[in-house]
Each structure stands twice: as structure tokens, then as C-alpha cells.
$ cat start-v6.csv   # CSV, C-alpha atoms and all ligand atoms
chain,number,residue,atom,x,y,z
A,1,MET,CA,0.0,0.0,0.0
A,2,SER,CA,1.4,3.4,-0.9
A,3,THR,CA,2.1,5.9,1.9
A,4,GLU,CA,0.4,8.7,0.0
A,5,PHE,CA,-3.0,9.7,1.3
A,6,VAL,CA,-1.9,10.4,4.9
A,7,ALA,CA,-4.2,12.6,6.9
A,8,SER,CA,-3.3,15.7,8.8
A,9,PRO,CA,-5.5,17.6,11.4
A,10,GLU,CA,-6.3,20.3,8.8
A,11,ASP,CA,-8.3,17.6,7.0
A,12,HIS,CA,-10.8,17.7,9.9
A,13,PHE,CA,-11.3,13.9,10.1
A,14,SER,CA,-12.9,12.6,13.2
A,15,PHE,CA,-14.1,9.3,14.6
A,16,GLY,CA,-16.6,8.4,17.3
A,17,LEU,CA,-15.3,6.6,20.4
A,18,TRP,CA,-17.9,4.0,19.7
A,19,THR,CA,-16.6,3.3,16.1
A,20,VAL,CA,-13.1,2.2,16.7
A,21,GLY,CA,-14.4,1.0,20.1
A,22,ASN,CA,-16.9,-1.3,18.4
A,23,ARG,CA,-16.3,-4.9,19.6
A,24,GLY,CA,-18.3,-6.6,16.8
A,25,ARG,CA,-21.4,-7.4,18.9
A,26,ASP,CA,-24.5,-7.9,16.7
A,27,PRO,CA,-28.0,-9.3,17.3
A,28,PHE,CA,-26.8,-12.8,16.6
A,29,GLY,CA,-23.4,-12.9,18.3
A,30,GLU,CA,-21.4,-11.5,21.2
A,31,ALA,CA,-18.3,-9.3,21.2
A,32,VAL,CA,-15.4,-10.7,19.2
A,33,ARG,CA,-12.7,-8.1,20.1
A,34,PRO,CA,-11.3,-6.9,23.4
A,35,LYS,CA,-12.1,-3.5,24.7
A,36,ILE,CA,-9.7,-0.8,23.7
A,37,GLU,CA,-9.1,1.8,26.4
A,38,ILE,CA,-10.0,5.4,25.5
A,39,LYS,CA,-6.5,6.6,26.1
A,40,GLU,CA,-5.1,4.0,23.6
A,41,MET,CA,-7.8,5.0,21.1
A,42,LEU,CA,-6.9,8.7,21.3
A,43,HIS,CA,-3.2,8.0,20.8
A,44,ARG,CA,-3.8,5.7,17.9
A,45,LEU,CA,-6.2,8.2,16.2
A,46,ALA,CA,-3.8,11.1,16.7
A,47,GLU,CA,-1.0,9.0,15.1
A,48,LEU,CA,-3.3,8.5,12.1
A,49,GLY,CA,-3.5,12.3,11.6
A,50,VAL,CA,-7.1,12.5,12.9
A,51,TRP,CA,-8.3,15.9,14.1
A,52,GLY,CA,-11.2,15.2,16.5
A,53,ILE,CA,-13.3,12.7,18.3
A,54,SER,CA,-17.0,12.4,19.2
A,55,TYR,CA,-18.6,10.6,22.0
A,56,HIS,CA,-21.9,9.6,23.7
A,57,ASP,CA,-22.1,10.3,27.4
A,58,ASP,CA,-22.2,6.6,28.1
A,59,ASP,CA,-19.1,5.8,25.9
A,60,ALA,CA,-16.9,7.7,28.4
A,61,PHE,CA,-18.9,8.2,31.6
A,62,THR,CA,-20.8,5.8,33.8
A,63,PHE,CA,-24.6,5.8,33.1
A,64,ASN,CA,-26.3,8.0,35.7
A,65,GLY,CA,-23.0,8.2,37.7
A,66,GLU,CA,-22.6,10.2,40.9
A,67,ASP,CA,-21.4,13.7,40.4
A,68,SER,CA,-17.9,13.0,41.9
A,69,LEU,CA,-17.3,10.0,39.7
A,70,HIS,CA,-18.7,11.8,36.6
A,71,ARG,CA,-16.3,14.7,37.3
A,72,GLN,CA,-13.3,12.3,37.5
A,73,GLU,CA,-14.4,10.6,34.2
A,74,VAL,CA,-14.8,14.0,32.4
A,75,ASP,CA,-11.3,15.0,33.7
A,76,ALA,CA,-9.8,11.8,32.4
A,77,LEU,CA,-11.3,12.4,28.9
A,78,LYS,CA,-10.1,16.0,29.0
A,79,ALA,CA,-6.6,14.9,29.9
A,80,GLY,CA,-6.5,12.4,27.1
A,81,LEU,CA,-7.5,15.1,24.6
A,82,GLU,CA,-4.9,17.5,25.9
A,83,GLU,CA,-2.2,14.9,25.8
A,84,THR,CA,-2.9,14.0,22.2
A,85,GLY,CA,-4.0,17.4,20.8
A,86,LEU,CA,-7.3,15.9,19.5
A,87,VAL,CA,-10.3,18.2,19.7
A,88,CYS,CA,-13.8,17.1,20.8
A,89,SER,CA,-15.6,17.9,17.5
A,90,MET,CA,-19.1,16.5,18.4
A,91,ALA,CA,-20.9,15.1,21.4
A,92,THR,CA,-24.2,13.2,21.7
A,93,THR,CA,-26.4,11.4,24.2
A,94,ASN,CA,-27.0,7.7,24.5
A,95,LEU,CA,-30.8,7.7,24.6
A,96,PHE,CA,-31.2,4.2,23.2
A,97,PHE,CA,-29.2,1.5,25.1
A,98,HIS,CA,-30.7,1.5,28.6
A,99,PRO,CA,-34.1,-0.4,29.0
A,100,ILE,CA,-35.7,2.8,30.3
A,101,PHE,CA,-35.7,4.0,26.7
A,102,LYS,CA,-37.4,1.0,25.2
A,103,ASP,CA,-40.5,3.1,24.2
A,104,GLY,CA,-38.4,6.1,23.2
A,105,ALA,CA,-36.6,8.9,25.1
A,106,LEU,CA,-37.8,12.4,24.0
A,107,THR,CA,-40.9,10.7,22.6
A,108,SER,CA,-41.6,8.0,25.2
A,109,ASN,CA,-45.2,7.8,26.1
A,110,ASP,CA,-44.1,8.1,29.8
A,111,PRO,CA,-43.6,11.7,30.7
A,112,ARG,CA,-41.1,10.8,33.5
A,113,VAL,CA,-38.9,9.0,30.9
A,114,ARG,CA,-39.1,12.1,28.7
A,115,ARG,CA,-38.1,14.4,31.5
A,116,PHE,CA,-35.2,12.0,32.5
A,117,ALA,CA,-34.0,12.0,28.9
A,118,ILE,CA,-34.0,15.8,28.7
A,119,GLN,CA,-32.1,15.9,32.0
A,120,LYS,CA,-29.6,13.4,30.6
A,121,VAL,CA,-29.0,15.5,27.5
A,122,MET,CA,-28.6,18.7,29.6
A,123,ARG,CA,-26.0,17.1,31.8
A,124,ASN,CA,-23.9,16.0,28.8
A,125,ILE,CA,-24.4,19.4,27.0
A,126,ASP,CA,-22.6,20.9,30.0
A,127,VAL,CA,-19.7,18.5,29.5
A,128,ALA,CA,-19.7,19.0,25.7
A,129,ALA,CA,-19.5,22.8,26.3
A,130,GLU,CA,-16.6,22.3,28.7
A,131,LEU,CA,-14.8,20.1,26.0
A,132,GLY,CA,-15.5,22.8,23.4
A,133,ALA,CA,-17.7,20.7,21.1
A,134,PRO,CA,-19.3,22.9,18.5
A,135,THR,CA,-21.9,20.4,17.5
A,136,TYR,CA,-24.4,18.3,19.5
A,137,VAL,CA,-26.0,15.4,17.7
A,138,PHE,CA,-29.5,13.9,18.2
A,139,TRP,CA,-29.9,10.4,16.7
A,140,GLY,CA,-33.3,9.2,17.7
A,141,GLY,CA,-32.8,5.5,17.4
A,142,ARG,CA,-35.6,4.6,19.9
A,143,GLU,CA,-37.8,7.5,18.9
A,144,GLY,CA,-40.3,5.5,16.9
A,145,VAL,CA,-42.8,2.6,16.9
A,146,GLU,CA,-43.3,-1.0,16.0
A,147,THR,CA,-47.1,-0.5,15.9
A,148,ALA,CA,-48.7,2.7,14.8
A,149,ALA,CA,-51.4,2.0,17.4
A,150,SER,CA,-48.9,2.8,20.2
A,151,LYS,CA,-48.3,6.5,19.5
A,152,ASP,CA,-50.0,9.4,17.7
A,153,THR,CA,-47.2,10.5,15.4
A,154,ARG,CA,-48.5,14.1,15.6
A,155,ASP,CA,-48.1,14.1,19.4
A,156,ALA,CA,-44.7,12.4,19.2
A,157,LEU,CA,-43.4,15.1,16.8
A,158,SER,CA,-44.8,17.8,19.1
A,159,ARG,CA,-42.9,16.3,22.0
A,160,TYR,CA,-39.8,15.9,19.9
A,161,ALA,CA,-40.0,19.6,18.8
A,162,GLU,CA,-40.7,20.6,22.4
A,163,ALA,CA,-37.6,18.8,23.7
A,164,ILE,CA,-35.3,20.2,21.0
A,165,ASP,CA,-36.6,23.7,21.5
A,166,PHE,CA,-36.2,23.4,25.3
A,167,LEU,CA,-32.6,22.2,24.9
A,168,ALA,CA,-31.8,24.9,22.4
A,169,GLY,CA,-33.1,27.4,25.0
A,170,TYR,CA,-30.8,25.8,27.6
A,171,VAL,CA,-27.8,26.2,25.3
A,172,LYS,CA,-28.5,29.8,24.4
A,173,ASP,CA,-29.3,30.7,28.1
A,174,SER,CA,-26.0,29.1,29.2
A,175,GLY,CA,-24.1,31.1,26.6
A,176,TYR,CA,-22.7,28.0,25.0
A,177,GLN,CA,-21.4,28.2,21.4
A,178,MET,CA,-23.0,25.0,20.2
A,179,ARG,CA,-25.4,24.0,17.4
A,180,PHE,CA,-27.7,20.9,17.2
A,181,ALA,CA,-27.6,18.4,14.4
A,182,LEU,CA,-30.4,15.9,13.9
A,183,GLU,CA,-29.5,12.6,12.4
A,184,PRO,CA,-32.3,10.9,10.4
A,185,LYS,CA,-32.7,7.2,10.0
A,186,PRO,CA,-35.6,5.2,8.6
A,187,ASN,CA,-35.7,2.2,10.9
A,188,GLU,CA,-33.5,0.0,13.1
A,189,PRO,CA,-33.7,-0.4,16.0
A,190,ARG,CA,-37.3,0.7,15.9
A,191,GLY,CA,-39.7,-0.7,13.2
A,192,ASP,CA,-40.2,2.9,12.1
A,193,ILE,CA,-38.2,5.9,13.4
A,194,PHE,CA,-39.5,9.4,13.5
A,195,LEU,CA,-37.6,11.8,11.1
A,196,PRO,CA,-36.7,9.0,8.8
A,197,THR,CA,-34.9,10.9,6.1
A,198,VAL,CA,-33.0,14.1,5.4
A,199,GLY,CA,-36.2,15.6,3.9
A,200,HIS,CA,-38.4,14.8,6.9
A,201,ALA,CA,-35.8,16.3,9.2
A,202,LEU,CA,-35.4,19.5,7.2
A,203,ALA,CA,-39.2,20.0,7.2
A,204,PHE,CA,-39.3,19.3,11.0
A,205,ILE,CA,-36.5,21.9,11.7
A,206,SER,CA,-38.5,24.6,9.9
A,207,THR,CA,-41.2,24.2,12.5
A,208,LEU,CA,-38.9,24.9,15.5
A,209,ASP,CA,-38.7,28.1,17.5
A,210,ASN,CA,-34.9,27.7,17.5
A,211,ALA,CA,-34.5,26.6,13.9
A,212,ASP,CA,-31.5,29.0,13.6
A,213,MET,CA,-29.3,26.7,15.6
A,214,VAL,CA,-30.6,23.3,14.4
A,215,GLY,CA,-29.3,21.6,11.3
A,216,LEU,CA,-28.5,18.1,10.2
A,217,ASN,CA,-26.1,15.2,10.7
A,218,PRO,CA,-26.9,13.0,7.7
A,219,GLU,CA,-25.4,9.5,7.5
A,220,VAL,CA,-24.5,7.7,4.3
A,221,ALA,CA,-25.9,4.4,5.5
A,222,HIS,CA,-29.2,5.8,6.7
A,223,GLU,CA,-30.3,7.4,3.5
A,224,THR,CA,-28.9,4.5,1.4
A,225,MET,CA,-30.8,1.9,3.5
A,226,SER,CA,-34.0,3.4,2.0
A,227,GLY,CA,-32.6,3.5,-1.5
A,228,LEU,CA,-32.3,7.3,-1.4
A,229,SER,CA,-29.4,9.2,-2.9
A,230,PHE,CA,-27.2,10.4,-0.1
A,231,TYR,CA,-25.6,12.9,-2.4
A,232,GLN,CA,-29.0,14.6,-3.2
A,233,GLY,CA,-29.9,14.8,0.5
A,234,VAL,CA,-26.5,16.3,1.4
A,235,ALA,CA,-26.7,18.7,-1.5
A,236,GLN,CA,-30.1,20.0,-0.4
A,237,ALA,CA,-28.9,20.3,3.2
A,238,ILE,CA,-26.0,22.4,2.0
A,239,TRP,CA,-28.3,24.5,-0.2
A,240,GLN,CA,-30.5,25.2,2.9
A,241,GLY,CA,-27.5,26.0,5.1
A,242,LYS,CA,-28.2,23.0,7.3
A,243,LEU,CA,-25.2,20.7,6.8
A,244,PHE,CA,-23.8,21.1,10.4
A,245,HIS,CA,-22.1,17.7,10.6
A,246,ILE,CA,-21.8,14.5,8.5
A,247,ASP,CA,-21.6,10.7,9.3
A,248,LEU,CA,-19.4,9.0,6.7
A,249,ASN,CA,-19.5,5.3,6.2
A,250,ASP,CA,-20.8,2.9,3.5
A,251,GLN,CA,-23.8,0.8,2.9
A,252,ARG,CA,-25.6,-1.4,0.4
A,253,ILE,CA,-29.2,-0.5,-0.5
A,254,GLY,CA,-32.0,-2.4,1.3
A,255,ARG,CA,-29.8,-3.9,4.0
A,256,PHE,CA,-29.7,-3.4,7.7
A,257,ASP,CA,-27.5,-0.5,8.9
A,258,GLN,CA,-24.1,-1.8,7.9
A,259,ASP,CA,-21.8,1.1,8.8
A,260,PHE,CA,-19.0,-0.2,6.5
A,261,ARG,CA,-15.6,1.5,6.0
A,262,PHE,CA,-16.0,4.7,4.0
A,263,GLY,CA,-15.5,4.1,0.3
A,264,SER,CA,-15.7,0.3,0.6
A,265,GLU,CA,-19.0,-0.1,-1.4
A,266,GLY,CA,-20.4,2.9,-3.4
A,267,ILE,CA,-17.2,4.2,-4.9
A,268,LYS,CA,-18.9,6.3,-7.6
A,269,ASP,CA,-21.4,7.8,-5.1
A,270,HIS,CA,-18.6,8.6,-2.8
A,271,PHE,CA,-16.6,10.2,-5.5
A,272,PHE,CA,-19.5,12.7,-6.0
A,273,LEU,CA,-20.0,13.1,-2.3
A,274,VAL,CA,-16.3,13.9,-1.6
A,275,ARG,CA,-16.3,16.3,-4.6
A,276,LEU,CA,-19.4,18.0,-3.2
A,277,LEU,CA,-18.1,18.4,0.3
A,278,GLU,CA,-14.7,19.7,-1.0
A,279,ASN,CA,-16.1,22.1,-3.6
A,280,SER,CA,-19.0,23.4,-1.4
A,281,GLY,CA,-16.5,24.8,1.2
A,282,TYR,CA,-18.0,22.5,3.9
A,283,ALA,CA,-15.7,23.2,6.8
A,284,GLY,CA,-17.2,21.0,9.5
A,285,ALA,CA,-16.0,17.6,10.8
A,286,LYS,CA,-15.6,14.7,8.3
A,287,HIS,CA,-16.8,12.2,10.8
A,288,PHE,CA,-16.5,8.5,10.3
A,289,ASP,CA,-19.4,6.7,11.9
A,290,ALA,CA,-18.5,3.2,10.9
A,291,HIS,CA,-16.9,0.1,12.3
A,292,ALA,CA,-14.6,-2.8,11.3
A,293,TYR,CA,-16.1,-6.0,10.0
A,294,ARG,CA,-16.9,-8.5,12.7
A,295,THR,CA,-14.2,-10.7,11.3
A,296,GLU,CA,-11.5,-8.4,12.6
A,297,ASP,CA,-9.2,-8.4,15.6
A,298,VAL,CA,-7.8,-5.2,17.0
A,299,ASP,CA,-5.3,-4.8,14.2
A,300,GLY,CA,-8.2,-5.0,11.7
A,301,VAL,CA,-9.8,-2.1,13.6
A,302,TRP,CA,-6.8,0.1,12.7
A,303,ASP,CA,-6.8,-1.2,9.1
A,304,PHE,CA,-10.4,-0.1,9.0
A,305,ALA,CA,-9.7,3.4,10.4
A,306,ARG,CA,-6.8,3.9,8.0
A,307,GLY,CA,-9.0,2.7,5.1
A,308,CYS,CA,-11.7,5.3,5.8
A,309,ILE,CA,-9.1,8.0,5.7
A,310,ARG,CA,-7.3,6.6,2.7
A,311,ASN,CA,-10.4,6.3,0.6
A,312,TYR,CA,-11.6,9.8,1.4
A,313,LEU,CA,-8.2,11.3,0.5
A,314,ALA,CA,-7.9,9.1,-2.7
A,315,LEU,CA,-11.4,10.2,-3.8
A,316,ARG,CA,-10.5,13.8,-3.1
A,317,ALA,CA,-7.4,13.5,-5.3
A,318,LYS,CA,-9.6,11.9,-8.0
A,319,ALA,CA,-12.2,14.7,-7.7
A,320,ARG,CA,-9.4,17.4,-8.1
A,321,GLU,CA,-8.0,15.5,-11.1
A,322,PHE,CA,-11.5,15.3,-12.6
A,323,ASP,CA,-12.2,19.0,-12.1
A,324,SER,CA,-8.9,20.1,-13.7
A,325,ASP,CA,-9.3,17.9,-16.8
A,326,PRO,CA,-9.9,20.2,-19.8
A,327,ARG,CA,-12.0,17.4,-21.5
A,328,VAL,CA,-14.3,17.4,-18.5
A,329,ALA,CA,-14.7,21.2,-18.8
A,330,GLN,CA,-15.5,20.8,-22.4
A,331,ALA,CA,-18.0,18.0,-21.7
A,332,MET,CA,-19.6,20.0,-19.0
A,333,ALA,CA,-20.0,23.0,-21.3
A,334,TYR,CA,-21.6,20.7,-23.9
A,335,SER,CA,-24.1,19.5,-21.2
A,336,GLY,CA,-24.8,23.0,-20.1
A,337,VAL,CA,-23.8,22.5,-16.4
A,338,ALA,CA,-23.0,26.2,-15.8
A,339,ASP,CA,-26.1,27.4,-17.7
A,340,LEU,CA,-28.2,26.0,-14.8
A,341,ALA,CA,-26.6,28.7,-12.6
A,342,GLU,CA,-28.2,31.4,-14.7
A,343,PRO,CA,-31.6,32.7,-13.5
A,344,THR,CA,-34.5,31.6,-15.7
A,345,VAL,CA,-36.9,34.5,-15.5
A,346,GLY,CA,-35.7,36.5,-12.5
A,347,PRO,CA,-38.1,37.9,-9.9
A,348,TYR,CA,-41.7,38.4,-11.0
A,349,THR,CA,-42.5,41.8,-12.6
A,350,PRO,CA,-45.5,42.4,-14.9
A,351,GLN,CA,-43.0,43.5,-17.6
A,352,ALA,CA,-41.0,40.2,-17.3
A,353,ALA,CA,-44.2,38.2,-17.5
A,354,ALA,CA,-45.3,40.1,-20.6
A,355,ALA,CA,-41.9,39.7,-22.2
A,356,LEU,CA,-42.0,36.0,-21.5
A,357,LYS,CA,-45.5,35.7,-23.0
A,358,ALA,CA,-44.3,37.4,-26.1
A,359,GLU,CA,-41.3,35.2,-26.6
A,360,THR,CA,-41.2,32.5,-29.3
A,361,PHE,CA,-39.5,29.2,-29.0
A,362,ASP,CA,-38.3,26.8,-31.7
A,363,VAL,CA,-39.6,23.8,-29.9
A,364,GLU,CA,-38.6,21.2,-32.5
A,365,SER,CA,-34.9,22.3,-32.5
A,366,LEU,CA,-34.8,22.6,-28.7
A,367,ALA,CA,-36.2,19.1,-28.5
A,368,GLN,CA,-33.5,17.7,-30.7
A,369,ARG,CA,-30.6,18.8,-28.5
A,370,GLY,CA,-28.5,16.0,-26.9
A,371,PHE,CA,-26.9,16.8,-23.6
A,372,GLY,CA,-23.8,14.6,-23.9
A,373,ASN,CA,-24.3,13.0,-20.5
A,374,GLU,CA,-22.9,9.6,-21.6
A,375,ALA,CA,-19.6,11.2,-22.6
A,376,LEU,CA,-19.5,13.3,-19.4
A,377,ASP,CA,-20.2,10.3,-17.1
A,378,GLN,CA,-17.7,8.1,-18.9
A,379,LEU,CA,-15.0,10.7,-17.9
A,380,VAL,CA,-16.2,10.2,-14.3
A,381,VAL,CA,-15.7,6.5,-14.6
A,382,ASP,CA,-12.4,6.8,-16.5
A,383,HIS,CA,-11.0,9.0,-13.7
A,384,ILE,CA,-12.2,6.7,-10.9
A,385,LEU,CA,-10.7,3.7,-12.7
A,386,GLY,CA,-7.5,5.6,-13.4
A,387,ILE,CA,-7.8,5.2,-17.2
A,388,ALA,CA,-8.6,8.9,-18.1
B,1,LIG,C1,-25.3,4.7,16.7
B,1,LIG,C2,-26.0,5.0,15.4
B,1,LIG,C3,-25.3,6.1,14.7
B,1,LIG,C4,-25.4,7.4,15.4
B,1,LIG,C5,-24.7,7.4,16.7
B,1,LIG,C6,-25.0,8.7,17.4
B,1,LIG,S1,-25.0,6.0,17.7
B,1,LIG,O1,-24.1,4.0,16.5
B,1,LIG,O2,-26.0,3.9,14.6
B,1,LIG,O3,-25.7,6.3,13.4
B,1,LIG,O4,-24.7,8.4,14.7
B,1,LIG,O5,-25.9,8.6,18.5
B,2,MN,MN,-24.5,8.0,12.6
B,3,MN,MN,-25.4,3.8,10.7
$ encode --input "start-v6.csv" --output "C-alpha cells" --more "lines below"
Ligand code: GLT
Ligand code: MN
Ligand code: MN
Amino acid sequence: MSTEFVASPEDHFSFGLWTVGNRGRDPFGEAVRPKIEIKEMLHRLAELGVWGISYHDDDAFTFNGEDSLHRQEVDALKAGLEETGLVCSMATTNLFFHPIFKDGALTSNDPRVRRFAIQKVMRNIDVAAELGAPTYVFWGGREGVETAASKDTRDALSRYAEAIDFLAGYVKDSGYQMRFALEPKPNEPRGDIFLPTVGHALAFISTLDNADMVGLNPEVAHETMSGLSFYQGVAQAIWQGKLFHIDLNDQRIGRFDQDFRFGSEGIKDHFFLVRLLENSGYAGAKHFDAHAYRTEDVDGVWDFARGCIRNYLALRAKAREFDSDPRVAQAMAYSGVADLAEPTVGPYTPQAAAALKAETFDVESLAQRGFGNEALDQLVVDHILGIA
């Protein structure tokens, strides 16, 4: 393997503690790998040129632990970050593992569970602020149903919105510099999860009182599970100024949430995704939320982490090569790519409407135009295959 494609902190790569910490447990089998201590993880990640880490409260601190123990555990994580120079680029709450959340957390039918869940989030928001995390993620894994008879979805969404607005109020009132990022997923572990896709989540955000500080954390695997184009979801999130964070991994359509190594499956989709992130000026974390195959031992975990980074950097190099190829520029001009950036009619005025009504079109000749998309796309494939 060539030693090119080595990361540096300026690349803003990050990993969740639960990703390299994944021990290969699944619904059919127990852990296959030993636990890696957090300190060890931080050192290994720093050696790989990683910039940041993310964590759930329960990845690093005892569930519902006493204040004094909690303080010690927070201090230990802080010391590890200082020692390695890694930043905490995102924090989140585990609102899915403990049996108390079996019916949901922010949308449990039991108001006491909902209040406990919000308290759990506030406690960890305080820690996240202390660690300097700019983004706080909400993945509602248990916010959903198996049977639609069990919840009125309209009430569930009202409770969801109430909780997010309450917590946003808490962040603002505390003077924390932090934004929220909602992470959609269609199903698993619930039969149906609320806010199943990027589109549902964007529409939900627009109803919030604190919509200004709430955006998205879309994940490759989650959109792909439903057969949706992750690229299109991310592009729309960017267009709406709502791409606050991103979970990079890989996935085959129609499967359970596979969380594969970034770039291991959908290479062409990932080429376009990397090109979009790089060319859009997205400056946030490039966060790998994936894990090693269950076949792997601890060495395989680090092969996995290196692979995520390597594939991203390789695709970035391919995207740059593609964008600087004059044949691509020519093919794009033929397809009219830049023409779509020109306004069609401009803002409405009676004059503009009258002018448009008076315009004549040569419909037949317009209909005959070819857009050259075959040739353009072949250049994409040629670049990816290294035969351009
Ligand atoms: C869990 C899930 C991920 C979420 C994490 C954040 S936890 O592993 O599968 O997609 O991003 O809570
Ligand atoms: Mn995720
Ligand atoms: Mn996933």
C-alpha cells in the first residue's frame, strides 16, 4: 500500500469513540474483540492524523453516575484530549441503550422518561461545552414505533420539537457556542423511526422556534438503506445552510445498517460526495461513523480506520484531477452545467411576465438537442478507474 493519502489535522477527520471502540457485537453474536481503552484509542487516532473525536455520554462516563465519579471521568477524557492534541468535535447522548428508553426517550409515552431523557441531555451538554464541542447530535434511534397504534405521530413530533426547543433554549441561556444536528434514520432499532430521512428532518426543523441553531447530521448508511441518494440529500442540506455535521461510512441499498468502512462499497457515489463536500466549502468535521467488519481483531480495527481516511483522500485526489481535466470542462460546457446557474426569468414583474408571454421558441430544434451526459459520465468512470 502506498504511503500517500496520509491525513493531517487540517483535513478535519474525526471518529466516534464507539466506532473504533466497536467490539463486533450484533443481534446474533457477542463481542469478538477486546475493549480498547479510551487513552489508547486517542493515541492511535492522533497517530493517524485524525483531528477530532466524538462521544456519547455513556461511551466515556458511567450511566447516571454520581457527580464526583462523573467529574473524574470527564477530567480523564479531557486529559486524554490535551495529551494527544485531539479536539472534541461532536458530542451526543445515548438515549437508546438502557431499557428505560425502550419506548423512546424524548418521545416515550411516559412523561417521566421524557423528563429524565432531557435531563440526561442537559448534563452532557454541560460537558460538551466544557470540552469545546461545536456540535451536539441527536440520533433518535428509539424515537419510533413498531405498531402505529402505540403513538399518535403528531403528538410524538410535538414532544420531539418541544424537547429540541427546550434544549436549544438551555444552550442559548447558558451562553454555549453550540449547534444541534439531527440525524435521520428510517428504521432500526425501531420498526419505524420518526424523522426517517433528510427531507423529513429538514421539514421538521423549519417548525422549531430555534430553527436557527438546528441543522443536520446525515449519514451515508441511513439514506442508502431506504434506497435514497445520499448525495442529493446532502446537496439539499448544503443549499438550505443546514449541513452542520456528516456521518461518513458505507452501505448497500436495502440492507440493515451496515456502517461499513467509508468508500468500501459505493465508490462512484462517494466520488461525487467527496467532490461535493470539498467544492462546497463545507468546513465541519468529516466524521467516520462506521466500524470494522466482525471478522476483525484489534489490528483490523486500525486497518479499518486507515482505510476510511485513505479512501476519502484518494477520492479527493480523483475529484481534483477530474475538475482540472480540460476534457471534463468541455463535456460540462456541452451538457450546459454552468447554464443552470443562470436565473431563468428573475423575480416576477409584470414586464417580465409580458416579455416571456411574447417570446417565441423553436420547440422542435430545442427538443433535438442532446446533452452529452454519456460522454461526461464516462469521464467520471475513467477518472475513478485511473484510465482517463
Ligand atoms: C449509533 C448510530 C449512529 C449514530 C450514533 C449517534 S450512535 O451507532 O448507529 O448512526 O450516529 O448517536
Ligand atoms: Mn451515525
Ligand atoms: Mn449507521
$ residues_around --input "start-v6.csv" --residues "Ile238 of chain A" --least-positions-apart "6" --cutoff "10 Å" --atoms "all atoms listed in the file" --output "PyMOL selection string"
chain A and resi 215-216+232+244+276-277+280-282
$ closest_atom_pairs --input "start-v6.csv" --of "chain A" --to "ligand LIG 1 (chain B)" --cutoff "7 Å" --atoms "all atoms listed in the file" --output "Markdown table"
| residue | atom | partner | partner_atom | distance |
| --- | --- | --- | --- | --- |
| A:Trp18 | CA | B:LIG1 | O1 | 7.0 |
| A:His56 | CA | B:LIG1 | O5 | 6.6 |
| A:Thr92 | CA | B:LIG1 | O5 | 5.9 |
| A:Thr93 | CA | B:LIG1 | O5 | 6.4 |
| A:Asn94 | CA | B:LIG1 | O5 | 6.2 |
| A:Val137 | CA | B:LIG1 | C6 | 6.8 |
| A:Phe138 | CA | B:LIG1 | O5 | 6.4 |
| A:Trp139 | CA | B:LIG1 | O5 | 4.7 |
| A:Glu183 | CA | B:LIG1 | O4 | 6.8 |
| A:Glu219 | CA | B:LIG1 | O3 | 6.7 |
| A:Asp247 | CA | B:LIG1 | O4 | 6.6 |
| A:Asp289 | CA | B:LIG1 | O4 | 6.2 |
$ residues_near_ligand --input "start-v6.csv" --ligand "ligand MN 3 (chain B)" --cutoff "9 Å" --atoms "all atoms listed in the file" --output "NGL selection string"
:A and (185 or 219-222 or 247-251 or 256-260 or 289-290)
$ closest_residue --input "start-v6.csv" --among "A:Pro184, A:Gly191, A:Gly175, A:Gly199" --to "ligand MN 2 (chain B)" --atoms "only C-alpha atoms and all ligand atoms"
A:Pro184
$ atom_distance --input "start-v6.csv" --atom1 "atom CA of Arg369 of chain A" --atom2 "atom CA of Pro326 of chain A"
22.5 Å
$ closest_residue --input "start-v6.csv" --among "A:Leu273, A:Ala319, A:Ile246, A:Met332" --to "ligand MN 2 (chain B)" --atoms "all atoms listed in the file"
A:Ile246
$ closest_residue --input "start-v6.csv" --among "A:Asp339, A:Glu321, A:Asp152, A:Glu146" --to "Arg190 of chain A" --atoms "all atoms listed in the file"
A:Glu146
$ build_atoms --input "start-v6.csv" --residues "segment 10-14 of chain A" --atoms "all heavy atoms" --output "tab-separated table (two decimals), keeping the file's coordinate frame"
chain	number	residue	atom	x	y	z
A	10	GLU	N	-5.58	19.27	9.63
A	10	GLU	CA	-6.30	20.30	8.80
A	10	GLU	C	-7.39	19.61	7.94
A	10	GLU	O	-8.28	20.29	7.43
A	10	GLU	CB	-5.35	21.00	7.83
A	10	GLU	CG	-4.31	21.88	8.49
A	10	GLU	CD	-3.09	21.08	8.90
A	10	GLU	OE1	-2.32	20.70	8.00
A	10	GLU	OE2	-2.92	20.82	10.11
A	11	ASP	N	-7.30	18.30	7.74
A	11	ASP	CA	-8.30	17.60	7.00
A	11	ASP	C	-9.65	17.47	7.74
A	11	ASP	O	-10.67	17.11	7.15
A	11	ASP	CB	-7.85	16.22	6.53
A	11	ASP	CG	-6.70	16.30	5.55
A	11	ASP	OD1	-6.77	17.15	4.64
A	11	ASP	OD2	-5.73	15.53	5.70
A	12	HIS	N	-9.60	17.71	9.05
A	12	HIS	CA	-10.80	17.70	9.90
A	12	HIS	C	-11.49	16.29	9.91
A	12	HIS	O	-12.72	16.21	9.90
A	12	HIS	CB	-11.80	18.74	9.48
A	12	HIS	CG	-11.39	20.10	9.93
A	12	HIS	ND1	-12.13	21.24	9.69
A	12	HIS	CD2	-10.30	20.51	10.62
A	12	HIS	CE1	-11.52	22.28	10.21
A	12	HIS	NE2	-10.40	21.88	10.77
A	13	PHE	N	-10.67	15.22	9.94
A	13	PHE	CA	-11.30	13.90	10.10
A	13	PHE	C	-11.53	13.64	11.57
A	13	PHE	O	-10.73	14.02	12.43
A	13	PHE	CB	-10.32	12.81	9.56
A	13	PHE	CG	-10.20	12.82	8.06
A	13	PHE	CD1	-8.95	12.89	7.46
A	13	PHE	CD2	-11.34	12.75	7.26
A	13	PHE	CE1	-8.83	12.90	6.07
A	13	PHE	CE2	-11.22	12.76	5.87
A	13	PHE	CZ	-9.98	12.83	5.28
A	14	SER	N	-12.66	12.98	11.84
A	14	SER	CA	-12.90	12.60	13.20
A	14	SER	C	-13.58	11.23	13.26
A	14	SER	O	-14.14	10.76	12.27
A	14	SER	CB	-13.85	13.65	13.88
A	14	SER	OG	-15.11	13.70	13.24
